[in-house]
Amino acid sequence: MISLWNDEDAKTFLNDPLQLRVYTSRLLGQEPELVLHGGGNTSVKVKKENIFGDIEEILYVKGSGVDLTDIQPAGFTPVKLEVLNKMASLEKLDDADLLRLQRTSMIDLDSPNPSIEAILHAIIPFKYVDHTHADSVVTISNNERGEKLIREIYKERVLIVPYVMPGFILAKKVYELTRDLDWSKVEGIILLNHGVFTFSDDARTSYERMIHIASLADDYLKKQGVFDSVAKADRLEDLLSLARIRHQVSAAKGDAMIARIDQSPEACGFANLSDIDSISTRGPMTMDHVIRTKPIPVILKNDIEKDIADYSSKYKKYFDRNTDGHMECLDTAPRWGIWPKYGTISFGRSVKEAEIVTDIADHTIRAIQLGEAIGGWSPLPGKDIFHMEYWTLQQAKLKKKESYLELQGKIALITGAAGGIGRACAEALSEQGAVIVGLDINPEIAETFNQQDRVGLTCDVTDDKAVQEAVEFIVRSFGGLDILVTNAGIFPVSRSIEEMDAETWNRSMEINLTSHQRLLKACIPYLKQGIDPAVIFIASKNVPAPGPGASAYSVAKAGLTQLARIAAMELAVFGIRVNIVHPDAVFDTGIWTQEVLEGRAKHYGLTVAEYKTKNLLKTEVTSKDVGAMVCAMAGRAFAKTTGAQVPIDGGNERVI
């Protein structure tokens with residue numbers, strides 16, 4: 001590991017301690033082997049004049065939940081140093097009082113809550129303090145010989161602290177151990193099974209001490225030749241089973257979950273280890289991970305349903321065994337799984353949440369194998385893990401009850417998504433928390449949908465292979481499929497039946513009808529494993545109220561409606577709801593070119609403005625209106641409705 005310090009970058013911050021603190025904190029955040037997703041914390045001590053003109057010593061410490069990767073000055077919470085030092089001298093301090101006292105000592109109440117390690121940062125008598133969960137150091141300390149190995153590597157250059165709970169207990173332990181310590185003789189503190197603290201009155205020195213300590217641990221592991229012990233293997237694929245796994249985990253959680261499979265050679269190699277049951281279920285790499293990963297992964301070896309049910313049962317027993325009787329049990333669903341032959345799987349209520357778990361799992365599986373190679377992977381016992389997972393501060397978060405959007409964790413496929421109704425449907429579903437995969441023949445779809453939870457694929461829906469590959473991409477990427485909005489279509493030029501040419505007729509049938517049947521067929525196996533699965537067909541007002549000159553379009557849409565009605569009957573037994581939307585005169589779509597609009601208006605003897613509002617309500621219908629209806633059909637409002645045909649047309653006498 002090398003220092004990322006750059007004199008040119010740092011020179012503008014040298015006279016601003018807080019900005020310099022931001023700079024070196026971000027350097028730490030750029031190194032995933034030091035901190036992951038909000039892990040670690042940093043601080044700087046400054047003198048500041050208060051409103052009364054008095055000079056106070058202030059500790060700027062990373063705020064709770066702030067990520068070092070992109071931290072800003074506002075991510076540091078200013079706390080009165082004197083109060084924190086007095087707190088360290090107390091004999092006892094419960095979590096509620098700790099939070100209260102830390103908040104009352106803040107000089108800016110708009111700042112985030114200070115890190116729970118604020119007291120420890122305060123008592124370390126240096127201007128800059130850095131704290132990370134360096135992989136290599138934690139890997140070595142998670143060993144039966146951990147303390148001996150750490151002492152062998154660092155000699156007297158670090159203070160070694162046995163594991164205790166973070167917060168006041170840890171600060172108190174360090175406070176007691178350092179009363180007679182000559183701080184000039186140590187470069188850092190290593191908390192066994194937890195992480196590393198470094199410090200200095202110079203920001204660069206504190207940062208580079210962290211790099212040095214982590215590098216010494218890296219060098220030790222390299223000298224042991226253990227990096228070759230990280231197993232690798234080729235991947236296999238079983239997408240239908242992946243969808244089943246996601247379904248069962250979501251059921252255990254009580255909410256729709258995203259499932260991200262990792263089929264890298266390292267993940268597959270780890271999953272195929274002969275002793276995987278033993279080494280993977282001893283505990284997390286560091287206690288800070290348990291809130292995201294739960295204590296252990298689920299092993300998916302035999303029967304998927306049984307494996308996940310057994311995991312839930314064992315988790316409940318783990319809770320009952322350790323609870324004090326006043327705690328609320330968290331959900332019993334796993335947050336990551338090991339699937340022999342196939343890799344590892346991470347679960348989350350969003351793509352971001354699942355990817356965070358994936359990152360942690362990647363680091364964990366490497367640490368486990370390296371730890372085994374140097375004498376045996378031995379993290380903390382279950383009771384310590386439980387105390388961290390059910391810490392009062394975590395229970396307080398639980399009681400706040402996170403609020404999620406209605407379709408959070410759902411996975412939706414929308415065709416014809418590059419514009420018009422398809423894009424409006426995608427945006428409406430996305431706004432309610434669904435992950436979106438949009439298909440369109442227009443290659444711009446890839447740029448339109450280019451986000452973590454919104455992906456666009458160029459796809460010709462008349463190409464069976466392309467459609468099948470798109471459906472498989474969705475399941476491979478997110479774990480399943482819950483919502484299908486089959487929308488892709490064309491509006492042929494107006495021709496009487498007598499004038500109709502075969503090419504126009506056949507093309508309308510292929511795109512407006514047959515492609516939908518093929519898409520539905522490809523999706524059904526995965527929808528059967530979906531979470532409250534729903535299919536929404538975008539048909540047309542032309543079904544109940546056709547007009548002359550549109551036979552190619554109207555007949556195809558009528559066939560599409562009949563397909564949807566039969567699908568509603570066939571798929572109800574699997575809990576799949578199928579409903580139909582009949583839009584009319586949605587003018588902000590691609591099929592309504594100015595030429596078509598003028599032609600239809602002329603056909604009715606109306607101006608374009610009159611034609612746009614020729615409904616009973618005298619209102620214009622937009623793509624967004626259709627998107628809102630589709631979103632409702634995918635959600636709770638239509639949870640007990642299937643086979644419905646809903647017009648969105650402002651009211652039409654011929655339909656009514």
# chains A, B, ... in the order shown; residues from 1 in each chain; ligands from 1
>>> residues_around(residues="Glu152 in chain A", least_positions_apart="4", cutoff="12 Å", atoms="only C-alpha atoms", output="compact mmCIF listing (two decimals) with N, CA, C and O atoms, in the first residue's frame")
# COMPACT_ATOMS: atom_id res chain seq x y z
N ILE A 140 -5.04 -10.47 10.45
CA ILE A 140 -4.03 -11.06 11.34
C ILE A 140 -4.54 -11.15 12.77
O ILE A 140 -4.30 -12.13 13.47
N SER A 141 -5.27 -10.13 13.22
CA SER A 141 -5.73 -10.15 14.61
C SER A 141 -6.90 -11.11 14.82
O SER A 141 -7.14 -11.55 15.94
N ARG A 145 -3.69 -16.77 17.40
CA ARG A 145 -2.38 -16.21 17.76
C ARG A 145 -2.31 -14.74 17.42
O ARG A 145 -1.24 -14.17 17.30
N GLY A 146 -3.49 -14.11 17.27
CA GLY A 146 -3.55 -12.75 16.79
C GLY A 146 -2.67 -11.76 17.53
O GLY A 146 -1.88 -11.03 16.92
N GLU A 147 -2.80 -11.71 18.85
CA GLU A 147 -2.02 -10.73 19.62
C GLU A 147 -0.53 -11.01 19.50
O GLU A 147 0.28 -10.07 19.35
N LYS A 148 -0.16 -12.28 19.50
CA LYS A 148 1.26 -12.64 19.38
C LYS A 148 1.81 -12.20 18.02
O LYS A 148 2.92 -11.66 17.92
N GLU A 156 7.25 -2.71 19.75
CA GLU A 156 6.69 -1.75 20.71
C GLU A 156 6.15 -0.49 20.03
O GLU A 156 5.86 0.50 20.69
N ARG A 157 6.00 -0.54 18.72
CA ARG A 157 5.61 0.66 17.98
C ARG A 157 4.11 0.94 18.06
O ARG A 157 3.66 2.01 17.65
N VAL A 158 3.33 -0.01 18.56
CA VAL A 158 1.89 0.21 18.69
C VAL A 158 1.43 -0.24 20.07
O VAL A 158 2.03 -1.11 20.71
N ILE A 160 -1.40 -2.26 21.91
CA ILE A 160 -2.36 -3.30 21.57
C ILE A 160 -3.48 -3.29 22.60
O ILE A 160 -3.24 -3.36 23.81
N LEU A 216 2.91 -2.92 6.69
CA LEU A 216 3.66 -3.93 7.44
C LEU A 216 2.87 -5.22 7.56
O LEU A 216 3.42 -6.32 7.46
N ALA A 217 1.56 -5.09 7.77
CA ALA A 217 0.72 -6.28 7.84
C ALA A 217 0.64 -6.97 6.49
O ALA A 217 0.69 -8.19 6.38
N TYR A 220 3.82 -8.84 5.90
CA TYR A 220 3.88 -10.08 6.69
C TYR A 220 3.12 -11.19 5.98
O TYR A 220 3.61 -12.32 5.85
>>> select_by_dssp(residues="range 333-511 of chain A", states="alpha helix (DSSP H)", output="PyMOL selection string")
chain A and resi 351-373+382-389+392-399+420-431+445-448+464-478+502-509
>>> atom_distance(atom1="CA of Gly605 in chain A", atom2="CA of Met500 in chain A")
23.4 Å
>>> atom_distance(atom1="CA of Glu389 in chain A", atom2="CA of Arg321 in chain A")
13.8 Å
>>> select_by_dssp(residues="range 341-548 of chain A", states="strand (DSSP E)", output="PyMOL selection string")
chain A and resi 343-348+411-415+435-440+450-451+454-458+483-486+534-538
>>> write_last_selection(atoms="N, CA and C atoms", output="mmCIF file, in the first residue's frame")
data_model
loop_
_atom_site.group_PDB
_atom_site.id
_atom_site.type_symbol
_atom_site.label_atom_id
_atom_site.label_comp_id
_atom_site.auth_asym_id
_atom_site.auth_seq_id
_atom_site.Cartn_x
_atom_site.Cartn_y
_atom_site.Cartn_z
ATOM 1 N N GLY A 343 -21.034 -19.190 -6.711
ATOM 2 C CA GLY A 343 -20.468 -17.940 -6.217
ATOM 3 C C GLY A 343 -21.108 -17.466 -4.936
ATOM 4 N N THR A 344 -21.105 -16.165 -4.722
ATOM 5 C CA THR A 344 -21.729 -15.580 -3.540
ATOM 6 C C THR A 344 -22.843 -14.635 -3.981
ATOM 7 N N ILE A 345 -23.820 -14.424 -3.095
ATOM 8 C CA ILE A 345 -24.962 -13.559 -3.398
ATOM 9 C C ILE A 345 -25.134 -12.572 -2.255
ATOM 10 N N SER A 346 -25.381 -11.312 -2.604
ATOM 11 C CA SER A 346 -25.642 -10.283 -1.605
ATOM 12 C C SER A 346 -27.062 -9.770 -1.769
ATOM 13 N N PHE A 347 -27.701 -9.471 -0.649
ATOM 14 C CA PHE A 347 -29.097 -9.053 -0.659
ATOM 15 C C PHE A 347 -29.239 -7.669 -0.036
ATOM 16 N N GLY A 348 -30.127 -6.852 -0.617
ATOM 17 C CA GLY A 348 -30.369 -5.521 -0.067
ATOM 18 C C GLY A 348 -31.687 -4.973 -0.559
ATOM 19 N N ILE A 411 -38.271 -5.313 -9.152
ATOM 20 C CA ILE A 411 -37.497 -5.280 -10.388
ATOM 21 C C ILE A 411 -38.475 -5.241 -11.554
ATOM 22 N N ALA A 412 -38.349 -4.223 -12.403
ATOM 23 C CA ALA A 412 -39.313 -3.989 -13.472
ATOM 24 C C ALA A 412 -38.640 -3.969 -14.840
ATOM 25 N N LEU A 413 -39.321 -4.568 -15.808
ATOM 26 C CA LEU A 413 -38.902 -4.544 -17.204
ATOM 27 C C LEU A 413 -39.941 -3.784 -18.014
ATOM 28 N N ILE A 414 -39.506 -2.796 -18.772
ATOM 29 C CA ILE A 414 -40.406 -1.993 -19.595
ATOM 30 C C ILE A 414 -39.882 -2.003 -21.029
ATOM 31 N N THR A 415 -40.741 -2.327 -21.985
ATOM 32 C CA THR A 415 -40.331 -2.271 -23.388
ATOM 33 C C THR A 415 -40.784 -0.952 -23.999
ATOM 34 N N VAL A 435 -36.315 -1.020 -9.325
ATOM 35 C CA VAL A 435 -35.166 -1.070 -10.221
ATOM 36 C C VAL A 435 -35.712 -1.241 -11.631
ATOM 37 N N ILE A 436 -35.199 -0.483 -12.570
ATOM 38 C CA ILE A 436 -35.759 -0.442 -13.916
ATOM 39 C C ILE A 436 -34.754 -0.959 -14.940
ATOM 40 N N VAL A 437 -35.227 -1.853 -15.812
ATOM 41 C CA VAL A 437 -34.487 -2.204 -17.018
ATOM 42 C C VAL A 437 -35.393 -1.871 -18.186
ATOM 43 N N GLY A 438 -34.955 -0.925 -19.018
ATOM 44 C CA GLY A 438 -35.746 -0.493 -20.159
ATOM 45 C C GLY A 438 -35.188 -1.049 -21.451
ATOM 46 N N LEU A 439 -36.071 -1.564 -22.309
ATOM 47 C CA LEU A 439 -35.672 -2.079 -23.617
ATOM 48 C C LEU A 439 -36.214 -1.160 -24.702
ATOM 49 N N ASP A 440 -35.422 -0.973 -25.738
ATOM 50 C CA ASP A 440 -35.894 -0.189 -26.875
ATOM 51 C C ASP A 440 -34.974 -0.463 -28.053
ATOM 52 N N ASN A 450 -28.895 4.982 -17.557
ATOM 53 C CA ASN A 450 -27.499 4.673 -17.267
ATOM 54 C C ASN A 450 -27.187 5.040 -15.824
ATOM 55 N N GLN A 451 -27.875 4.345 -14.918
ATOM 56 C CA GLN A 451 -27.695 4.581 -13.492
ATOM 57 C C GLN A 451 -27.592 3.238 -12.787
ATOM 58 N N ARG A 454 -31.130 1.886 -12.850
ATOM 59 C CA ARG A 454 -31.915 2.135 -14.054
ATOM 60 C C ARG A 454 -31.015 1.843 -15.255
ATOM 61 N N VAL A 455 -31.258 0.717 -15.917
ATOM 62 C CA VAL A 455 -30.388 0.244 -16.989
ATOM 63 C C VAL A 455 -31.169 0.182 -18.289
ATOM 64 N N GLY A 456 -30.557 0.641 -19.375
ATOM 65 C CA GLY A 456 -31.180 0.582 -20.684
ATOM 66 C C GLY A 456 -30.453 -0.373 -21.607
ATOM 67 N N LEU A 457 -31.206 -1.209 -22.325
ATOM 68 C CA LEU A 457 -30.625 -2.164 -23.262
ATOM 69 C C LEU A 457 -31.232 -1.953 -24.644
ATOM 70 N N THR A 458 -30.380 -1.903 -25.653
ATOM 71 C CA THR A 458 -30.885 -1.856 -27.020
ATOM 72 C C THR A 458 -31.393 -3.247 -27.383
ATOM 73 N N ILE A 483 -42.139 -7.039 -12.187
ATOM 74 C CA ILE A 483 -43.079 -6.187 -12.926
ATOM 75 C C ILE A 483 -42.702 -6.196 -14.399
ATOM 76 N N LEU A 484 -43.659 -6.522 -15.251
ATOM 77 C CA LEU A 484 -43.455 -6.463 -16.696
ATOM 78 C C LEU A 484 -44.448 -5.473 -17.291
ATOM 79 N N VAL A 485 -43.931 -4.447 -17.913
ATOM 80 C CA VAL A 485 -44.771 -3.488 -18.635
ATOM 81 C C VAL A 485 -44.467 -3.678 -20.110
ATOM 82 N N THR A 486 -45.376 -4.331 -20.810
ATOM 83 C CA THR A 486 -45.143 -4.657 -22.212
ATOM 84 C C THR A 486 -45.808 -3.585 -23.071
ATOM 85 N N ALA A 534 -46.589 -8.609 -11.250
ATOM 86 C CA ALA A 534 -47.642 -7.930 -12.011
ATOM 87 C C ALA A 534 -47.198 -7.725 -13.453
ATOM 88 N N VAL A 535 -48.127 -7.964 -14.367
ATOM 89 C CA VAL A 535 -47.905 -7.702 -15.784
ATOM 90 C C VAL A 535 -48.917 -6.653 -16.220
ATOM 91 N N ILE A 536 -48.450 -5.639 -16.895
ATOM 92 C CA ILE A 536 -49.341 -4.592 -17.400
ATOM 93 C C ILE A 536 -49.150 -4.471 -18.908
ATOM 94 N N PHE A 537 -50.232 -4.681 -19.646
ATOM 95 C CA PHE A 537 -50.220 -4.538 -21.097
ATOM 96 C C PHE A 537 -50.701 -3.137 -21.462
ATOM 97 N N ILE A 538 -49.948 -2.474 -22.336
ATOM 98 C CA ILE A 538 -50.383 -1.188 -22.858
ATOM 99 C C ILE A 538 -51.118 -1.460 -24.179
#
>>> closest_residue(among="A:Ile276, A:Ala88, A:Ala572, A:Ile360", to="Glu176 in chain A", atoms="only C-alpha atoms")
A:Ala88
>>> closest_residue(among="A:Ala470, A:Met388, A:Lys253, A:Pro297", to="Leu330 in chain A", atoms="only C-alpha atoms")
A:Lys253
>>> residues_around(residues="Val22 in chain A", least_positions_apart="5", cutoff="7 Å", atoms="only C-alpha atoms", output="PyMOL selection string")
chain A and resi 71-73
>>> residues_around(residues="Leu181 in chain A", least_positions_apart="3", cutoff="12 Å", atoms="only C-alpha atoms", output="VMD selection string")
chain A and resid 124 to 125 156 158 to 159 174 to 178 184 to 186 189
>>> write_last_selection(atoms="N, CA, C and O atoms", output="short mmCIF file (atom, residue, chain, number, x, y, z; two decimals), in the first residue's frame")
data_model
loop_
_atom_site.label_atom_id
_atom_site.label_comp_id
_atom_site.auth_asym_id
_atom_site.auth_seq_id
_atom_site.Cartn_x
_atom_site.Cartn_y
_atom_site.Cartn_z
N ILE A 124 -6.89 11.04 22.74
CA ILE A 124 -5.59 10.85 22.08
C ILE A 124 -4.99 12.25 21.90
O ILE A 124 -5.54 13.08 21.19
N PRO A 125 -3.86 12.52 22.53
CA PRO A 125 -3.36 13.90 22.65
C PRO A 125 -2.60 14.41 21.42
O PRO A 125 -1.47 14.91 21.53
N GLU A 156 7.25 -2.71 19.75
CA GLU A 156 6.69 -1.75 20.71
C GLU A 156 6.15 -0.49 20.03
O GLU A 156 5.86 0.50 20.69
N VAL A 158 3.33 -0.01 18.56
CA VAL A 158 1.89 0.21 18.69
C VAL A 158 1.43 -0.24 20.07
O VAL A 158 2.03 -1.11 20.71
N LEU A 159 0.34 0.36 20.51
CA LEU A 159 -0.33 -0.07 21.72
C LEU A 159 -1.40 -1.08 21.30
O LEU A 159 -2.21 -0.80 20.42
N VAL A 174 -9.00 2.55 26.64
CA VAL A 174 -7.80 3.23 26.15
C VAL A 174 -7.35 4.31 27.13
O VAL A 174 -6.15 4.49 27.37
N TYR A 175 -8.30 5.00 27.73
CA TYR A 175 -8.01 6.03 28.72
C TYR A 175 -7.19 5.44 29.87
O TYR A 175 -6.19 6.03 30.32
N GLU A 176 -7.60 4.26 30.33
CA GLU A 176 -6.90 3.62 31.45
C GLU A 176 -5.53 3.10 31.03
O GLU A 176 -4.56 3.18 31.79
N LEU A 177 -5.44 2.54 29.81
CA LEU A 177 -4.17 1.96 29.35
C LEU A 177 -3.12 3.02 29.04
O LEU A 177 -1.92 2.72 29.02
N THR A 178 -3.55 4.23 28.80
CA THR A 178 -2.61 5.27 28.35
C THR A 178 -2.29 6.32 29.41
O THR A 178 -1.64 7.31 29.10
N SER A 184 5.04 9.48 22.68
CA SER A 184 6.05 9.71 21.65
C SER A 184 6.69 8.40 21.16
O SER A 184 7.34 8.38 20.11
N LYS A 185 6.48 7.33 21.89
CA LYS A 185 7.10 6.05 21.53
C LYS A 185 6.19 5.13 20.72
O LYS A 185 6.61 4.04 20.33
N VAL A 186 4.95 5.55 20.51
CA VAL A 186 4.03 4.70 19.74
C VAL A 186 3.53 5.46 18.50
O VAL A 186 3.35 6.67 18.52
N ILE A 189 -2.43 2.66 17.58
CA ILE A 189 -3.12 1.74 18.48
C ILE A 189 -3.80 0.69 17.61
O ILE A 189 -4.50 1.02 16.65
#
>>> closest_residue(among="A:Leu597, A:Val467, A:Met287, A:Ala251", to="Met165 in chain A", atoms="only C-alpha atoms")
A:Met287
>>> closest_residue(among="A:Leu192, A:Val475, A:Met327, A:Ile153", to="Ser215 in chain A", atoms="only C-alpha atoms")
A:Ile153
>>> closest_residue(among="A:Lys521, A:Arg282, A:His326, A:Arg26", to="Gly376 in chain A", atoms="only C-alpha atoms")
A:Arg282
>>> residues_around(residues="range 166-173 of chain A", least_positions_apart="6", cutoff="12 Å", atoms="only C-alpha atoms", output="VMD selection string")
chain A and resid 40 84 to 99 101 to 102 114 to 124 159 to 160 179 189 191 to 195 286 to 288 384 to 385 387 to 389 391 to 393
>>> atom_distance(atom1="CA of Ala267 in chain A", atom2="CA of Ile308 in chain A")
19.8 Å
>>> residues_around(residues="Gly337 in chain A", least_positions_apart="2", cutoff="12 Å", atoms="only C-alpha atoms", output="JSON, numbers by chain")
{"A": [242, 245, 246, 249, 259, 260, 261, 262, 267, 268, 270, 271, 276, 277, 280, 281, 293, 294, 295, 296, 297, 298, 299, 300, 301, 304, 307, 308, 311, 333, 334, 335, 339, 340, 342, 343, 344, 345, 346, 347, 348, 354, 357, 358, 361, 362, 365]}
>>> write_last_selection(atoms="C-alpha atoms", output="compact mmCIF listing (two decimals), in the first residue's frame")
# COMPACT_ATOMS: atom_id res chain seq x y z
CA LEU A 242 -31.20 -17.49 -8.38
CA ILE A 245 -33.29 -17.76 -3.78
CA ARG A 246 -34.26 -14.09 -4.02
CA VAL A 249 -34.95 -14.32 1.10
CA ALA A 259 -30.04 -10.13 -5.12
CA ARG A 260 -26.60 -9.45 -6.62
CA ILE A 261 -24.65 -12.57 -7.56
CA ASP A 262 -20.85 -12.42 -7.60
CA ALA A 267 -16.15 -15.81 -5.25
CA CYS A 268 -16.66 -19.13 -7.05
CA PHE A 270 -14.42 -19.58 -2.10
CA ALA A 271 -17.90 -21.06 -2.53
CA ILE A 276 -16.92 -23.73 3.53
CA ASP A 277 -19.56 -24.56 6.18
CA SER A 280 -17.55 -18.98 6.55
CA THR A 281 -19.80 -19.15 9.60
CA THR A 293 -24.10 -8.47 6.72
CA LYS A 294 -25.64 -10.11 9.82
CA PRO A 295 -23.32 -12.43 11.77
CA ILE A 296 -22.95 -15.12 9.10
CA PRO A 297 -24.02 -15.89 5.53
CA VAL A 298 -26.55 -18.52 4.50
CA ILE A 299 -25.05 -21.63 2.89
CA LEU A 300 -27.17 -22.67 -0.11
CA LYS A 301 -26.23 -26.30 -0.55
CA ILE A 304 -33.02 -23.64 -1.29
CA ASP A 307 -31.60 -23.74 3.64
CA ILE A 308 -33.12 -20.28 4.01
CA TYR A 311 -31.05 -19.93 8.52
CA ALA A 333 -33.31 -12.97 6.50
CA PRO A 334 -29.65 -13.38 5.49
CA ARG A 335 -27.80 -10.48 3.89
CA TRP A 339 -23.78 -20.84 -3.23
CA PRO A 340 -21.36 -23.70 -3.97
CA TYR A 342 -22.11 -20.63 -8.41
CA GLY A 343 -20.47 -17.94 -6.22
CA THR A 344 -21.73 -15.58 -3.54
CA ILE A 345 -24.96 -13.56 -3.40
CA SER A 346 -25.64 -10.28 -1.61
CA PHE A 347 -29.10 -9.05 -0.66
CA GLY A 348 -30.37 -5.52 -0.07
CA ALA A 354 -26.74 -4.99 -2.05
CA VAL A 357 -22.76 -6.04 1.09
CA THR A 358 -20.98 -7.43 -2.00
CA ALA A 361 -18.24 -9.99 1.34
CA ASP A 362 -15.39 -9.72 -1.19
CA ILE A 365 -13.80 -14.08 1.85
>>> closest_residue(among="A:Asn142, A:Asp588, A:Ile2, A:Leu519", to="Glu469 in chain A", atoms="only C-alpha atoms")
A:Leu519
>>> residues_around(residues="Ile211 in chain A", least_positions_apart="3", cutoff="10 Å", atoms="only C-alpha atoms", output="list in words")
Met1, Ile2, Ser3, Leu4, Leu28, Glu31, Leu34, Ala134, Thr198, Thr205, Ser206, Tyr207, Glu208, Ala214, Ser215 and Leu216 of chain A
>>> decode(residues="range 523-529 of chain A", atoms="all heavy atoms", output="short mmCIF file (atom, residue, chain, number, x, y, z; two decimals), in the first residue's frame")
data_model
loop_
_atom_site.label_atom_id
_atom_site.label_comp_id
_atom_site.auth_asym_id
_atom_site.auth_seq_id
_atom_site.Cartn_x
_atom_site.Cartn_y
_atom_site.Cartn_z
N CYS A 523 -40.66 -14.29 -19.89
CA CYS A 523 -40.66 -13.74 -18.53
C CYS A 523 -41.39 -14.61 -17.52
O CYS A 523 -41.11 -14.54 -16.31
CB CYS A 523 -41.30 -12.34 -18.53
SG CYS A 523 -40.32 -11.07 -19.37
N ILE A 524 -42.36 -15.41 -17.98
CA ILE A 524 -43.22 -16.14 -17.05
C ILE A 524 -42.44 -16.99 -16.04
O ILE A 524 -42.75 -16.96 -14.84
CB ILE A 524 -44.25 -17.00 -17.82
CG1 ILE A 524 -45.35 -16.10 -18.38
CG2 ILE A 524 -44.88 -18.07 -16.91
CD1 ILE A 524 -46.34 -16.81 -19.29
N PRO A 525 -41.41 -17.76 -16.43
CA PRO A 525 -40.70 -18.57 -15.42
C PRO A 525 -40.14 -17.75 -14.27
O PRO A 525 -40.12 -18.20 -13.12
CB PRO A 525 -39.58 -19.23 -16.24
CG PRO A 525 -40.09 -19.25 -17.64
CD PRO A 525 -40.88 -17.98 -17.78
N TYR A 526 -39.71 -16.52 -14.57
CA TYR A 526 -39.13 -15.66 -13.53
C TYR A 526 -40.21 -14.90 -12.77
O TYR A 526 -40.07 -14.66 -11.56
CB TYR A 526 -38.11 -14.71 -14.16
CG TYR A 526 -37.00 -15.46 -14.86
CD1 TYR A 526 -36.94 -15.49 -16.26
CD2 TYR A 526 -36.06 -16.18 -14.14
CE1 TYR A 526 -35.94 -16.20 -16.91
CE2 TYR A 526 -35.06 -16.89 -14.77
CZ TYR A 526 -35.00 -16.90 -16.16
OH TYR A 526 -34.01 -17.62 -16.78
N LEU A 527 -41.29 -14.53 -13.45
CA LEU A 527 -42.42 -13.89 -12.76
C LEU A 527 -43.02 -14.83 -11.73
O LEU A 527 -43.52 -14.38 -10.69
CB LEU A 527 -43.47 -13.46 -13.77
CG LEU A 527 -43.12 -12.24 -14.65
CD1 LEU A 527 -44.09 -12.12 -15.80
CD2 LEU A 527 -43.11 -10.96 -13.82
N LYS A 528 -43.00 -16.12 -12.00
CA LYS A 528 -43.52 -17.10 -11.03
C LYS A 528 -42.75 -17.02 -9.71
O LYS A 528 -43.28 -17.38 -8.65
CB LYS A 528 -43.42 -18.51 -11.59
CG LYS A 528 -44.44 -18.83 -12.68
CD LYS A 528 -44.24 -20.26 -13.19
CE LYS A 528 -45.27 -20.62 -14.25
NZ LYS A 528 -45.06 -21.99 -14.78
N GLN A 529 -41.49 -16.57 -9.77
CA GLN A 529 -40.68 -16.41 -8.56
C GLN A 529 -40.63 -14.95 -8.12
O GLN A 529 -39.86 -14.60 -7.22
CB GLN A 529 -39.25 -16.91 -8.83
CG GLN A 529 -39.16 -18.36 -9.22
CD GLN A 529 -39.67 -19.30 -8.15
OE1 GLN A 529 -39.58 -19.01 -6.95
NE2 GLN A 529 -40.24 -20.42 -8.56
#
